[in-house]
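Below is coords_30.cif, holding mmCIF, C-alpha atoms and all ligand atoms.
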data_structure
loop_
_atom_site.label_atom_id
_atom_site.label_comp_id
_atom_site.auth_asym_id
_atom_site.auth_seq_id
_atom_site.Cartn_x
_atom_site.Cartn_y
_atom_site.Cartn_z
CA MET A 1 -7.47 -29.13 13.05
CA ASN A 2 -9.41 -26.92 10.68
CA VAL A 3 -7.45 -24.93 8.15
CA ILE A 4 -8.29 -21.22 8.13
CA TYR A 5 -7.01 -20.35 4.68
CA MET A 6 -6.27 -16.64 4.25
CA ASP A 7 -3.48 -16.93 1.68
CA ASN A 8 -5.52 -16.68 -1.50
CA ASN A 9 -3.06 -14.33 -3.26
CA ALA A 10 -0.61 -17.25 -3.10
CA THR A 11 -3.10 -19.72 -4.52
CA THR A 12 -6.76 -20.62 -4.23
CA ARG A 13 -8.68 -23.83 -3.78
CA VAL A 14 -10.13 -25.30 -6.97
CA ALA A 15 -13.87 -24.59 -6.96
CA PRO A 16 -15.93 -27.82 -6.79
CA GLU A 17 -17.75 -26.80 -10.00
CA VAL A 18 -14.38 -26.39 -11.72
CA LEU A 19 -13.19 -29.81 -10.62
CA GLU A 20 -16.44 -31.37 -11.77
CA ALA A 21 -16.12 -29.73 -15.19
CA MET A 22 -12.53 -30.97 -15.56
CA LEU A 23 -12.78 -34.59 -14.43
CA PRO A 24 -14.27 -36.17 -17.58
CA TYR A 25 -11.40 -34.69 -19.62
CA PHE A 26 -8.86 -36.78 -17.72
CA SER A 27 -10.72 -40.02 -18.29
CA GLU A 28 -13.61 -40.30 -20.72
CA TYR A 29 -12.82 -37.53 -23.21
CA TYR A 30 -9.11 -37.79 -23.82
CA GLY A 31 -9.12 -36.96 -27.54
CA ASN A 32 -6.59 -34.54 -28.98
CA PRO A 33 -8.40 -31.30 -29.89
CA SER A 34 -6.33 -31.10 -33.11
CA SER A 35 -7.56 -34.50 -34.38
CA MET A 36 -9.86 -34.79 -37.38
CA HIS A 37 -12.23 -37.25 -35.69
CA SER A 38 -15.14 -36.02 -33.67
CA PHE A 39 -13.74 -37.64 -30.48
CA GLY A 40 -11.04 -34.96 -30.61
CA GLY A 41 -13.34 -32.37 -32.15
CA ASP A 42 -15.69 -32.54 -29.17
CA VAL A 43 -12.79 -31.57 -26.91
CA ALA A 44 -11.93 -28.70 -29.29
CA ALA A 45 -15.52 -27.48 -28.92
CA LYS A 46 -15.13 -27.41 -25.11
CA ILE A 47 -11.88 -25.47 -25.46
CA LYS A 48 -13.70 -22.98 -27.66
CA GLU A 49 -16.32 -22.57 -24.93
CA ALA A 50 -13.58 -22.05 -22.31
CA ARG A 51 -11.93 -19.41 -24.50
CA GLU A 52 -15.27 -17.60 -24.79
CA ASN A 53 -15.71 -17.62 -21.01
CA VAL A 54 -12.24 -16.23 -20.37
CA ALA A 55 -12.77 -13.57 -23.03
CA THR A 56 -16.13 -12.58 -21.52
CA LEU A 57 -14.58 -12.17 -18.07
CA ILE A 58 -12.19 -9.48 -19.35
CA GLY A 59 -14.22 -7.96 -22.19
CA ALA A 60 -12.09 -9.46 -24.98
CA VAL A 61 -13.05 -11.40 -28.07
CA PRO A 62 -12.21 -15.13 -27.95
CA ASP A 63 -9.52 -14.99 -30.66
CA GLU A 64 -7.55 -12.60 -28.48
CA ILE A 65 -7.06 -15.25 -25.77
CA VAL A 66 -4.05 -17.58 -25.87
CA PHE A 67 -3.84 -20.33 -23.26
CA THR A 68 -0.49 -20.69 -21.49
CA SER A 69 0.82 -22.76 -18.58
CA CYS A 70 0.76 -20.01 -15.92
CA GLY A 71 0.99 -16.29 -15.19
CA THR A 72 4.77 -16.40 -15.43
CA GLU A 73 4.63 -17.82 -18.95
CA SER A 74 2.08 -15.19 -19.98
CA ASP A 75 4.32 -12.42 -18.64
CA SER A 76 7.43 -13.78 -20.33
CA THR A 77 5.58 -14.32 -23.60
CA ALA A 78 4.26 -10.75 -23.64
CA ILE A 79 7.61 -9.13 -22.89
CA ARG A 80 9.66 -11.31 -25.21
CA ALA A 81 7.10 -10.84 -27.98
CA ALA A 82 7.36 -7.07 -27.66
CA ILE A 83 11.13 -6.91 -27.76
CA GLU A 84 11.28 -9.36 -30.63
CA SER A 85 8.68 -7.38 -32.56
CA TYR A 86 10.64 -4.15 -32.08
CA PRO A 87 14.26 -5.29 -32.57
CA ASP A 88 15.55 -1.72 -32.92
CA LYS A 89 14.17 -0.58 -29.58
CA ARG A 90 16.34 -1.12 -26.50
CA HIS A 91 14.35 0.44 -23.68
CA ILE A 92 11.74 -1.23 -21.46
CA ILE A 93 9.74 0.09 -18.52
CA THR A 94 8.21 -1.55 -15.48
CA THR A 95 7.68 -0.79 -11.78
CA ARG A 96 9.75 -1.44 -8.70
CA VAL A 97 7.02 -3.56 -7.17
CA GLU A 98 6.31 -6.18 -9.84
CA HIS A 99 6.10 -9.88 -9.09
CA PRO A 100 9.39 -11.77 -9.68
CA ALA A 101 7.80 -13.13 -12.89
CA ILE A 102 8.37 -9.65 -14.37
CA LYS A 103 11.08 -8.25 -12.10
CA ASN A 104 13.56 -11.05 -12.69
CA LEU A 105 12.96 -11.12 -16.43
CA TYR A 106 13.58 -7.38 -16.67
CA GLU A 107 16.74 -7.73 -14.58
CA ASN A 108 17.84 -10.51 -16.90
CA LEU A 109 17.17 -8.34 -19.95
CA SER A 110 19.08 -5.50 -18.36
CA LYS A 111 22.15 -7.77 -18.26
CA LYS A 112 21.63 -8.41 -21.96
CA GLY A 113 21.94 -4.73 -22.75
CA TYR A 114 18.38 -3.42 -22.46
CA ARG A 115 17.96 -0.11 -20.71
CA VAL A 116 15.40 -0.74 -17.99
CA THR A 117 13.38 1.87 -16.13
CA PHE A 118 11.86 0.74 -12.83
CA VAL A 119 9.15 3.25 -11.89
CA PRO A 120 9.13 4.00 -8.14
CA VAL A 121 6.15 4.03 -5.77
CA ASP A 122 5.38 6.26 -2.78
CA SER A 123 4.92 5.15 0.81
CA TYR A 124 1.33 4.09 0.01
CA GLY A 125 2.52 1.86 -2.81
CA CYS A 126 1.10 4.25 -5.46
CA LEU A 127 2.96 4.68 -8.72
CA ASP A 128 4.92 7.82 -9.65
CA LEU A 129 3.09 8.47 -12.92
CA ASP A 130 5.13 11.57 -13.81
CA TYR A 131 8.30 9.51 -13.62
CA LEU A 132 6.73 6.91 -15.87
CA TYR A 133 5.58 9.42 -18.49
CA GLN A 134 8.88 11.33 -18.45
CA ASN A 135 10.72 8.14 -19.28
CA LEU A 136 8.65 7.15 -22.32
CA SER A 137 10.68 7.53 -25.50
CA ASP A 138 10.81 6.43 -29.12
CA ASP A 139 13.25 3.76 -27.96
CA THR A 140 10.70 2.18 -25.57
CA ALA A 141 9.49 -1.23 -26.76
CA ILE A 142 7.20 -2.20 -23.89
CA VAL A 143 5.71 -0.82 -20.70
CA SER A 144 4.64 -3.53 -18.27
CA ILE A 145 2.69 -2.42 -15.21
CA MET A 146 0.87 -4.78 -12.87
CA TRP A 147 -2.86 -4.18 -12.43
CA ALA A 148 -2.78 -4.86 -8.71
CA ASN A 149 0.04 -5.65 -6.35
CA ASN A 150 0.19 -9.16 -4.91
CA GLU A 151 1.47 -8.06 -1.47
CA THR A 152 -0.47 -4.90 -0.68
CA GLY A 153 -3.36 -5.26 -3.12
CA VAL A 154 -2.80 -1.65 -4.28
CA ILE A 155 -4.41 -1.08 -7.69
CA PHE A 156 -2.60 0.89 -10.40
CA PRO A 157 -4.44 3.26 -12.79
CA ILE A 158 -4.12 1.07 -15.87
CA ALA A 159 -6.72 2.93 -17.97
CA GLU A 160 -5.06 6.27 -17.29
CA ILE A 161 -1.59 4.96 -18.18
CA SER A 162 -2.96 3.30 -21.29
CA GLN A 163 -4.41 6.64 -22.41
CA GLU A 164 -0.97 8.23 -22.16
CA ILE A 165 0.79 5.43 -24.02
CA LYS A 166 -1.84 4.86 -26.71
CA SER A 167 -0.62 7.47 -29.17
CA ARG A 168 2.91 5.99 -29.19
CA ASP A 169 4.19 2.88 -30.88
CA ILE A 170 4.80 1.09 -27.55
CA VAL A 171 3.29 -2.20 -26.35
CA PHE A 172 1.39 -1.80 -23.08
CA HIS A 173 1.26 -5.00 -21.07
CA THR A 174 -0.34 -5.52 -17.68
CA ASP A 175 0.16 -8.38 -15.26
CA ALA A 176 -3.40 -8.75 -14.02
CA VAL A 177 -2.77 -12.05 -12.25
CA GLN A 178 -3.95 -10.70 -8.88
CA ALA A 179 -6.76 -8.53 -10.20
CA ILE A 180 -8.64 -11.09 -12.27
CA GLY A 181 -11.89 -12.18 -10.68
CA LYS A 182 -11.46 -9.72 -7.79
CA ILE A 183 -12.38 -6.50 -9.58
CA PRO A 184 -14.15 -5.90 -12.91
CA ILE A 185 -11.71 -5.74 -15.81
CA ASP A 186 -12.51 -4.64 -19.34
CA VAL A 187 -9.58 -4.73 -21.73
CA ASP A 188 -11.54 -2.91 -24.36
CA LYS A 189 -12.38 0.05 -22.16
CA THR A 190 -8.90 0.06 -20.65
CA GLY A 191 -7.01 -0.20 -23.91
CA VAL A 192 -4.14 -2.46 -22.84
CA ASP A 193 -2.41 -4.42 -25.62
CA MET A 194 -1.61 -7.52 -23.59
CA LEU A 195 -2.78 -8.87 -20.24
CA SER A 196 -1.60 -11.86 -18.22
CA LEU A 197 -3.79 -14.00 -16.01
CA SER A 198 -3.33 -17.20 -14.04
CA GLY A 199 -5.95 -19.83 -13.20
CA HIS A 200 -4.80 -20.80 -9.72
CA LYS A 201 -5.45 -17.29 -8.40
CA PHE A 202 -9.19 -17.56 -9.05
CA HIS A 203 -10.20 -21.12 -8.26
CA ALA A 204 -8.95 -22.92 -11.38
CA PRO A 205 -6.06 -25.38 -11.00
CA LYS A 206 -2.36 -24.58 -11.03
CA GLY A 207 -0.54 -24.89 -14.34
CA ILE A 208 -2.97 -22.97 -16.52
CA GLY A 209 -2.93 -19.32 -17.53
CA ALA A 210 -3.81 -17.12 -20.43
CA LEU A 211 -2.47 -14.14 -22.31
CA TYR A 212 -4.81 -11.61 -23.86
CA ILE A 213 -3.33 -10.16 -27.06
CA ARG A 214 -5.29 -7.27 -28.55
CA LYS A 215 -6.06 -7.83 -32.22
CA GLY A 216 -3.44 -6.01 -34.28
CA THR A 217 -0.71 -6.10 -31.61
CA LYS A 218 2.66 -7.16 -33.02
CA PHE A 219 3.43 -10.61 -31.68
CA ALA A 220 6.05 -13.34 -31.86
CA PRO A 221 5.45 -16.71 -30.13
CA PHE A 222 7.55 -17.73 -27.16
CA MET A 223 6.73 -21.45 -27.51
CA VAL A 224 7.29 -22.32 -31.13
CA GLY A 225 5.90 -25.66 -32.25
CA GLY A 226 2.61 -26.91 -33.62
CA HIS A 227 -0.21 -24.77 -34.92
CA GLN A 228 -2.09 -24.78 -31.60
CA GLU A 229 -3.49 -21.46 -30.38
CA ARG A 230 -3.35 -20.29 -34.00
CA GLY A 231 0.43 -20.52 -34.00
CA ARG A 232 0.80 -18.26 -30.99
CA ARG A 233 1.72 -21.01 -28.50
CA GLY A 234 2.81 -24.42 -29.68
CA GLY A 235 2.15 -27.58 -27.67
CA THR A 236 -0.82 -29.90 -27.25
CA GLU A 237 -3.41 -28.16 -25.13
CA ASN A 238 -3.76 -28.88 -21.41
CA THR A 239 -7.38 -29.66 -22.13
CA ALA A 240 -8.76 -30.43 -18.66
CA ALA A 241 -7.06 -27.37 -17.15
CA ILE A 242 -8.29 -25.12 -19.95
CA ILE A 243 -11.82 -26.35 -19.38
CA GLY A 244 -11.34 -25.69 -15.66
CA LEU A 245 -10.09 -22.19 -16.39
CA GLY A 246 -13.16 -21.52 -18.52
CA LYS A 247 -15.45 -22.68 -15.72
CA ALA A 248 -13.57 -20.60 -13.14
CA ALA A 249 -13.87 -17.55 -15.41
CA GLN A 250 -17.61 -18.10 -15.71
CA LEU A 251 -17.98 -18.39 -11.93
CA ALA A 252 -15.79 -15.32 -11.35
CA LYS A 253 -17.90 -13.26 -13.75
CA LYS A 254 -21.10 -14.33 -11.99
CA HIS A 255 -19.57 -13.53 -8.61
CA LEU A 256 -18.49 -10.05 -9.76
CA ASP A 257 -21.86 -9.36 -11.44
CA GLU A 258 -23.61 -10.25 -8.19
CA ASN A 259 -21.25 -7.96 -6.21
CA GLY A 260 -19.97 -10.99 -4.32
CA TYR A 261 -16.78 -9.14 -3.49
CA GLU A 262 -18.69 -6.78 -1.19
CA ARG A 263 -18.98 -9.64 1.30
CA ILE A 264 -15.28 -10.47 1.02
CA LYS A 265 -14.39 -6.80 1.45
CA GLY A 266 -16.59 -6.70 4.54
CA LEU A 267 -14.73 -9.67 6.03
CA ARG A 268 -11.34 -8.15 5.12
CA ASP A 269 -12.31 -4.84 6.71
CA LYS A 270 -13.59 -6.52 9.85
CA LEU A 271 -10.35 -8.47 10.20
CA GLU A 272 -8.23 -5.38 9.62
CA ILE A 273 -10.16 -3.01 11.88
CA ASN A 274 -10.24 -5.49 14.73
CA LEU A 275 -6.55 -6.24 14.52
CA LEU A 276 -5.69 -2.55 14.40
CA GLU A 277 -7.89 -1.93 17.43
CA ASN A 278 -6.68 -4.86 19.47
CA VAL A 279 -2.94 -4.74 18.77
CA GLN A 280 -0.96 -1.58 19.37
CA ASN A 281 1.80 -0.43 16.97
CA THR A 282 0.08 -1.95 13.99
CA ILE A 283 0.02 -0.35 10.53
CA VAL A 284 -1.65 -1.20 7.21
CA ASN A 285 0.84 -1.26 4.32
CA GLY A 286 -0.48 0.42 1.16
CA ASP A 287 -3.28 2.71 0.07
CA ARG A 288 -6.34 1.57 2.02
CA ASP A 289 -8.78 3.27 -0.35
CA ASN A 290 -7.48 1.80 -3.55
CA ARG A 291 -6.88 -1.87 -2.93
CA LEU A 292 -8.12 -5.27 -3.97
CA PRO A 293 -11.12 -6.04 -1.77
CA ASN A 294 -9.64 -9.29 -0.45
CA THR A 295 -6.16 -8.17 0.62
CA THR A 296 -4.66 -6.57 3.70
CA SER A 297 -0.97 -6.31 4.50
CA ILE A 298 -0.57 -5.54 8.18
CA ALA A 299 2.71 -4.63 9.87
CA PHE A 300 3.02 -5.70 13.50
CA GLU A 301 5.99 -3.62 14.55
CA TYR A 302 9.02 -5.14 16.31
CA VAL A 303 8.17 -8.79 15.70
CA GLU A 304 9.37 -11.24 13.08
CA GLY A 305 6.79 -12.14 10.42
CA GLU A 306 8.04 -15.70 10.18
CA ALA A 307 7.54 -16.20 13.91
CA ILE A 308 3.96 -14.90 13.59
CA LEU A 309 3.31 -17.31 10.70
CA LEU A 310 4.64 -20.26 12.70
CA MET A 311 2.51 -19.41 15.72
CA MET A 312 -0.59 -18.90 13.56
CA ASN A 313 0.15 -22.19 11.88
CA GLU A 314 -0.30 -23.88 15.28
CA HIS A 315 -3.94 -22.76 15.05
CA GLY A 316 -4.30 -23.77 11.40
CA ILE A 317 -4.22 -20.16 10.19
CA CYS A 318 -2.51 -19.73 6.79
CA ALA A 319 -1.21 -16.33 5.63
CA SER A 320 2.04 -14.93 4.18
CA SER A 321 4.81 -12.71 5.49
CA GLY A 322 6.38 -9.69 3.85
CA SER A 323 9.84 -11.19 3.95
CA ALA A 324 11.72 -13.49 1.67
CA CYS A 325 14.33 -15.88 2.92
CA THR A 326 17.38 -15.13 0.81
CA SER A 327 20.86 -16.45 1.56
CA GLY A 328 19.84 -17.56 5.00
CA SER A 329 18.73 -14.12 6.16
CA LEU A 330 15.26 -12.65 6.23
CA GLU A 331 15.03 -9.71 3.85
CA PRO A 332 11.92 -7.56 3.77
CA SER A 333 10.23 -7.94 0.40
CA HIS A 334 11.25 -5.66 -2.47
CA VAL A 335 7.70 -4.27 -2.47
CA LEU A 336 7.81 -3.07 1.14
CA ARG A 337 11.34 -1.79 0.62
CA ALA A 338 10.27 0.16 -2.48
CA MET A 339 7.52 1.75 -0.36
CA GLY A 340 10.08 2.73 2.25
CA VAL A 341 8.36 0.75 5.02
CA PRO A 342 10.78 0.87 8.00
CA PHE A 343 12.58 -2.41 8.71
CA THR A 344 10.93 -2.73 12.11
CA ALA A 345 7.52 -2.78 10.39
CA ALA A 346 8.44 -4.60 7.17
CA HIS A 347 9.85 -7.54 9.14
CA GLY A 348 6.58 -7.97 11.01
CA SER A 349 4.31 -7.63 7.97
CA ILE A 350 1.68 -10.27 7.35
CA ARG A 351 -0.51 -10.50 4.26
CA PHE A 352 -4.00 -11.87 4.69
CA SER A 353 -5.82 -12.56 1.43
CA LEU A 354 -9.39 -13.81 1.51
CA SER A 355 -11.66 -15.57 -0.97
CA ARG A 356 -15.34 -16.33 -1.33
CA TYR A 357 -14.82 -19.45 0.77
CA ASN A 358 -13.90 -17.52 3.93
CA THR A 359 -16.47 -17.03 6.65
CA GLU A 360 -17.13 -14.55 9.42
CA GLU A 361 -16.37 -17.27 12.01
CA GLU A 362 -12.91 -17.61 10.52
CA VAL A 363 -12.31 -13.88 10.79
CA ASP A 364 -13.48 -13.96 14.43
CA PHE A 365 -11.13 -16.87 15.10
CA VAL A 366 -8.11 -14.97 13.74
CA VAL A 367 -9.10 -11.83 15.62
CA GLU A 368 -9.20 -13.89 18.83
CA LYS A 369 -5.95 -15.85 18.30
CA LEU A 370 -3.61 -13.29 16.83
CA PRO A 371 -3.38 -10.52 19.49
CA PRO A 372 -2.00 -12.86 22.20
CA ILE A 373 0.49 -14.27 19.66
CA ILE A 374 1.84 -10.77 18.98
CA GLU A 375 1.88 -9.97 22.70
CA ASN A 376 3.88 -13.12 23.48
CA LEU A 377 6.36 -12.49 20.68
CA ARG A 378 6.84 -8.89 21.73
CA ALA A 379 7.51 -9.99 25.28
CA LEU A 380 10.53 -11.82 23.84
CA SER A 381 11.60 -9.05 21.45
CA PRO A 382 14.56 -6.87 22.52
CA PHE A 383 13.54 -4.36 19.81
CA TRP A 384 10.08 -4.04 21.29
CA LYS A 385 11.47 -3.61 24.79
CA LYS A 386 13.91 -0.97 23.59
CA ALA A 387 11.19 0.88 21.66
CA MET A 388 8.91 0.82 24.70
CA GLY A 389 11.73 1.77 27.07
CA THR A 390 11.12 -1.28 29.23
N1 LIG B 1 2.15 -12.08 -11.31
C1 LIG B 1 1.64 -11.85 -10.10
C2 LIG B 1 1.21 -10.47 -9.73
C3 LIG B 1 1.51 -12.88 -9.18
O1 LIG B 1 1.01 -12.64 -7.96
C4 LIG B 1 1.93 -14.18 -9.57
C5 LIG B 1 1.87 -15.30 -8.61
O2 LIG B 1 1.90 -15.12 -7.41
C6 LIG B 1 2.45 -14.37 -10.86
C7 LIG B 1 2.54 -13.30 -11.71
C8 LIG B 1 2.91 -15.71 -11.33
O3 LIG B 1 1.81 -16.54 -11.64
P1 LIG B 1 2.02 -18.12 -11.77
O4 LIG B 1 2.19 -18.63 -10.40
O5 LIG B 1 0.76 -18.60 -12.42
O6 LIG B 1 3.19 -18.33 -12.64
#

The structure given in the file should be rewritten as structure tokens.
Ligand code: PLP
Amino acid sequence: MNVIYMDNNATTRVAPEVLEAMLPYFSEYYGNPSSMHSFGGDVAAKIKEARENVATLIGAVPDEIVFTSCGTESDSTAIRAAIESYPDKRHIITTRVEHPAIKNLYENLSKKGYRVTFVPVDSYGCLDLDYLYQNLSDDTAIVSIMWANNETGVIFPIAEISQEIKSRDIVFHTDAVQAIGKIPIDVDKTGVDMLSLSGHKFHAPKGIGALYIRKGTKFAPFMVGGHQERGRRGGTENTAAIIGLGKAAQLAKKHLDENGYERIKGLRDKLEINLLENVQNTIVNGDRDNRLPNTTSIAFEYVEGEAILLMMNEHGICASSGSACTSGSLEPSHVLRAMGVPFTAAHGSIRFSLSRYNTEEEVDFVVEKLPPIIENLRALSPFWKKAMGT
């Protein structure tokens, strides 16, 4: 059975060019980039090239890029660096819809005595900017706002927020893990102080990420050890993965420059429009005009998302639901709850996230298979029957 992979916000396939670039660094070129000999030095030169490619993708200079193990590490590093650099400040700000990589760290810090502000969103998943600005104070160490939401794809106005924060002595961090490679990003124009990215979301392997740290930003390392990454992250470099990340960044830049995302957006829109037309009581979660071009979160009312996923799985279709299985019960995600999506819709929410490897045939296949799945599940749903008065 063919796999129809539409779960690219969860992870992406490694691009063949990326794999090809990485392979020699597992076998032939295994030198340590810190070594004095040229066998190691040659690897260091490739890491330098990778750093340049990542910097170019986001409009940074290479020295501002620190390689990490993943998006989560980048997020943790940024936030811990800010609070360590401002030991007298006890207030931190984020949003209600962050990824657990941020959300759980903030909750953890709240237990340690930090005052945490979680900025709410409206029913379209858009941020309450007034609330954010009203809560900025001299006690605020860091504001961390995601660039784009992983579930709905809704994009936050990072440049605008940065403008407001700039004049204050507050670190502005953005988790751009979902935005990188999908929309153009320029840290210089935007003015963020720190930005997290993760390789496996844009066709590099898992286990590699990076943190952009604007020159001049106060910083304290999270991983203390050797002098690697100019003392900003100790530990011998994951050389093959770094080289893969550099290649993926180069490919992503080319793809964006050639407007490759227009095609993906076209496929996403076709999928969405057809499902909305062919399945009644179906709603798109989030602001449809201001989203990542590859993402759609669709609520099929009165059915269970997990049941939809299982039935789609029978056809090889991979997507995600808007629920998380906690303590044996299915809870709608904190993102959909923060948006006030009714339970009957949140439970039946499915996220489709496309990549450049998806085809029109795949979209047609999903559009053909999914409506009867929803119809069959609704025929079994007491909630549906009650809502329809049947
Ligand atoms: N931030 C966002 C918005 C994400 O979507 C993810 C992963 O899904 C992460 C952070 C964590 O990245 P990683 O899996 O590389 O740790």

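If you measure from each of A:Ile317, A:Asp7, A:Asn32, A:Gly235 to Thr295 of chain A using only C-alpha atoms, the closest one turns out to be A:Asp7.
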
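Nearest-residue note for ligand LIG 1 (chain B): choosing from A:Ile4, A:Ile170, A:Met223, A:Ala101, the minimum distance belongs to A:Ala101, counting all atoms listed in the file.
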
With the cut-off set at 9 Å and counting only C-alpha atoms and all ligand atoms, tabulate each residue of chain A with an atom at most that distance from an atom of ligand LIG 1 (chain B), showing the nearest atom pair and its distance in Å to one decimal, ordered by chain and increasing number, as a tab-separated table.
residue	atom	partner	partner_atom	distance
A:Asn9	CA	B:LIG1	O1	6.4
A:Ala10	CA	B:LIG1	O2	5.4
A:Thr11	CA	B:LIG1	O2	7.4
A:Ser69	CA	B:LIG1	O5	7.4
A:Cys70	CA	B:LIG1	O5	3.8
A:Gly71	CA	B:LIG1	O5	3.6
A:Thr72	CA	B:LIG1	O6	3.7
A:Glu73	CA	B:LIG1	O6	6.5
A:Ser74	CA	B:LIG1	O6	8.1
A:Asp75	CA	B:LIG1	C7	7.2
A:Glu98	CA	B:LIG1	C2	6.7
A:His99	CA	B:LIG1	C2	5.0
A:Pro100	CA	B:LIG1	C7	7.3
A:Ala101	CA	B:LIG1	C7	5.4
A:Ile102	CA	B:LIG1	N1	7.3
A:Met146	CA	B:LIG1	C2	6.5
A:Trp147	CA	B:LIG1	C2	8.0
A:Ala148	CA	B:LIG1	C2	7.0
A:Asn149	CA	B:LIG1	C2	6.0
A:Asn150	CA	B:LIG1	O1	4.7
A:Glu151	CA	B:LIG1	O1	8.0
A:Asp175	CA	B:LIG1	N1	5.8
A:Ala176	CA	B:LIG1	C2	6.5
A:Val177	CA	B:LIG1	C1	4.9
A:Gln178	CA	B:LIG1	C2	5.2
A:Ala179	CA	B:LIG1	C2	8.2
A:Ser196	CA	B:LIG1	C7	7.8
A:Leu197	CA	B:LIG1	O5	7.4
A:Ser198	CA	B:LIG1	O5	4.6
A:Gly199	CA	B:LIG1	O5	6.9
A:His200	CA	B:LIG1	O5	6.6
A:Lys201	CA	B:LIG1	O5	7.5
A:Lys206	CA	B:LIG1	O5	6.9
A:Gly207	CA	B:LIG1	O5	6.7
A:Ile208	CA	B:LIG1	O5	7.1
A:Gly209	CA	B:LIG1	O5	6.3

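Across A:Pro33, A:Pro371, A:Gly125, A:Gly59, the tightest approach to Val284 of chain A is made by A:Gly125 when counting all atoms listed in the file.
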
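In this model, the gap between atom CA of Ser162 of chain A and atom CA of Pro62 of chain A comes to 21.7 Å.
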
With N, CA, C and O atoms as the goal, would you fill in the gaps in segment 295-307 of chain A and present it as a PDB file, keeping the file's coordinate frame?
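This is the output file result19.pdb:
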ATOM      1  N   THR A 295      -7.540  -8.159   0.116  1.00  0.00           N
ATOM      2  CA  THR A 295      -6.160  -8.170   0.620  1.00  0.00           C
ATOM      3  C   THR A 295      -5.922  -7.142   1.713  1.00  0.00           C
ATOM      4  O   THR A 295      -6.384  -6.004   1.599  1.00  0.00           O
ATOM      5  N   THR A 296      -5.194  -7.544   2.749  1.00  0.00           N
ATOM      6  CA  THR A 296      -4.660  -6.570   3.700  1.00  0.00           C
ATOM      7  C   THR A 296      -3.248  -7.001   4.088  1.00  0.00           C
ATOM      8  O   THR A 296      -3.011  -8.176   4.388  1.00  0.00           O
ATOM      9  N   SER A 297      -2.333  -6.042   4.050  1.00  0.00           N
ATOM     10  CA  SER A 297      -0.970  -6.310   4.500  1.00  0.00           C
ATOM     11  C   SER A 297      -0.784  -5.503   5.780  1.00  0.00           C
ATOM     12  O   SER A 297      -0.821  -4.274   5.746  1.00  0.00           O
ATOM     13  N   ILE A 298      -0.616  -6.214   6.881  1.00  0.00           N
ATOM     14  CA  ILE A 298      -0.570  -5.540   8.180  1.00  0.00           C
ATOM     15  C   ILE A 298       0.809  -5.716   8.809  1.00  0.00           C
ATOM     16  O   ILE A 298       1.312  -6.843   8.905  1.00  0.00           O
ATOM     17  N   ALA A 299       1.391  -4.578   9.219  1.00  0.00           N
ATOM     18  CA  ALA A 299       2.710  -4.630   9.870  1.00  0.00           C
ATOM     19  C   ALA A 299       2.512  -4.597  11.382  1.00  0.00           C
ATOM     20  O   ALA A 299       1.926  -3.653  11.918  1.00  0.00           O
ATOM     21  N   PHE A 300       3.007  -5.650  12.033  1.00  0.00           N
ATOM     22  CA  PHE A 300       3.020  -5.700  13.500  1.00  0.00           C
ATOM     23  C   PHE A 300       4.455  -5.335  13.880  1.00  0.00           C
ATOM     24  O   PHE A 300       5.366  -6.163  13.737  1.00  0.00           O
ATOM     25  N   GLU A 301       4.628  -4.113  14.344  1.00  0.00           N
ATOM     26  CA  GLU A 301       5.990  -3.620  14.550  1.00  0.00           C
ATOM     27  C   GLU A 301       6.757  -4.424  15.609  1.00  0.00           C
ATOM     28  O   GLU A 301       6.176  -4.886  16.592  1.00  0.00           O
ATOM     29  N   TYR A 302       8.053  -4.531  15.372  1.00  0.00           N
ATOM     30  CA  TYR A 302       9.020  -5.140  16.310  1.00  0.00           C
ATOM     31  C   TYR A 302       8.829  -6.631  16.545  1.00  0.00           C
ATOM     32  O   TYR A 302       9.211  -7.152  17.583  1.00  0.00           O
ATOM     33  N   VAL A 303       8.178  -7.319  15.607  1.00  0.00           N
ATOM     34  CA  VAL A 303       8.170  -8.790  15.700  1.00  0.00           C
ATOM     35  C   VAL A 303       8.548  -9.343  14.335  1.00  0.00           C
ATOM     36  O   VAL A 303       8.472  -8.653  13.317  1.00  0.00           O
ATOM     37  N   GLU A 304       8.923 -10.598  14.316  1.00  0.00           N
ATOM     38  CA  GLU A 304       9.370 -11.240  13.080  1.00  0.00           C
ATOM     39  C   GLU A 304       8.169 -11.921  12.413  1.00  0.00           C
ATOM     40  O   GLU A 304       7.492 -12.749  13.043  1.00  0.00           O
ATOM     41  N   GLY A 305       7.933 -11.573  11.145  1.00  0.00           N
ATOM     42  CA  GLY A 305       6.790 -12.140  10.420  1.00  0.00           C
ATOM     43  C   GLY A 305       6.777 -13.654  10.417  1.00  0.00           C
ATOM     44  O   GLY A 305       5.727 -14.280  10.607  1.00  0.00           O
ATOM     45  N   GLU A 306       7.969 -14.235  10.243  1.00  0.00           N
ATOM     46  CA  GLU A 306       8.040 -15.700  10.180  1.00  0.00           C
ATOM     47  C   GLU A 306       7.596 -16.331  11.496  1.00  0.00           C
ATOM     48  O   GLU A 306       6.941 -17.373  11.510  1.00  0.00           O
ATOM     49  N   ALA A 307       7.952 -15.672  12.603  1.00  0.00           N
ATOM     50  CA  ALA A 307       7.540 -16.200  13.910  1.00  0.00           C
ATOM     51  C   ALA A 307       6.014 -16.126  14.035  1.00  0.00           C
ATOM     52  O   ALA A 307       5.369 -17.062  14.539  1.00  0.00           O
TER      53      ALA A 307
END
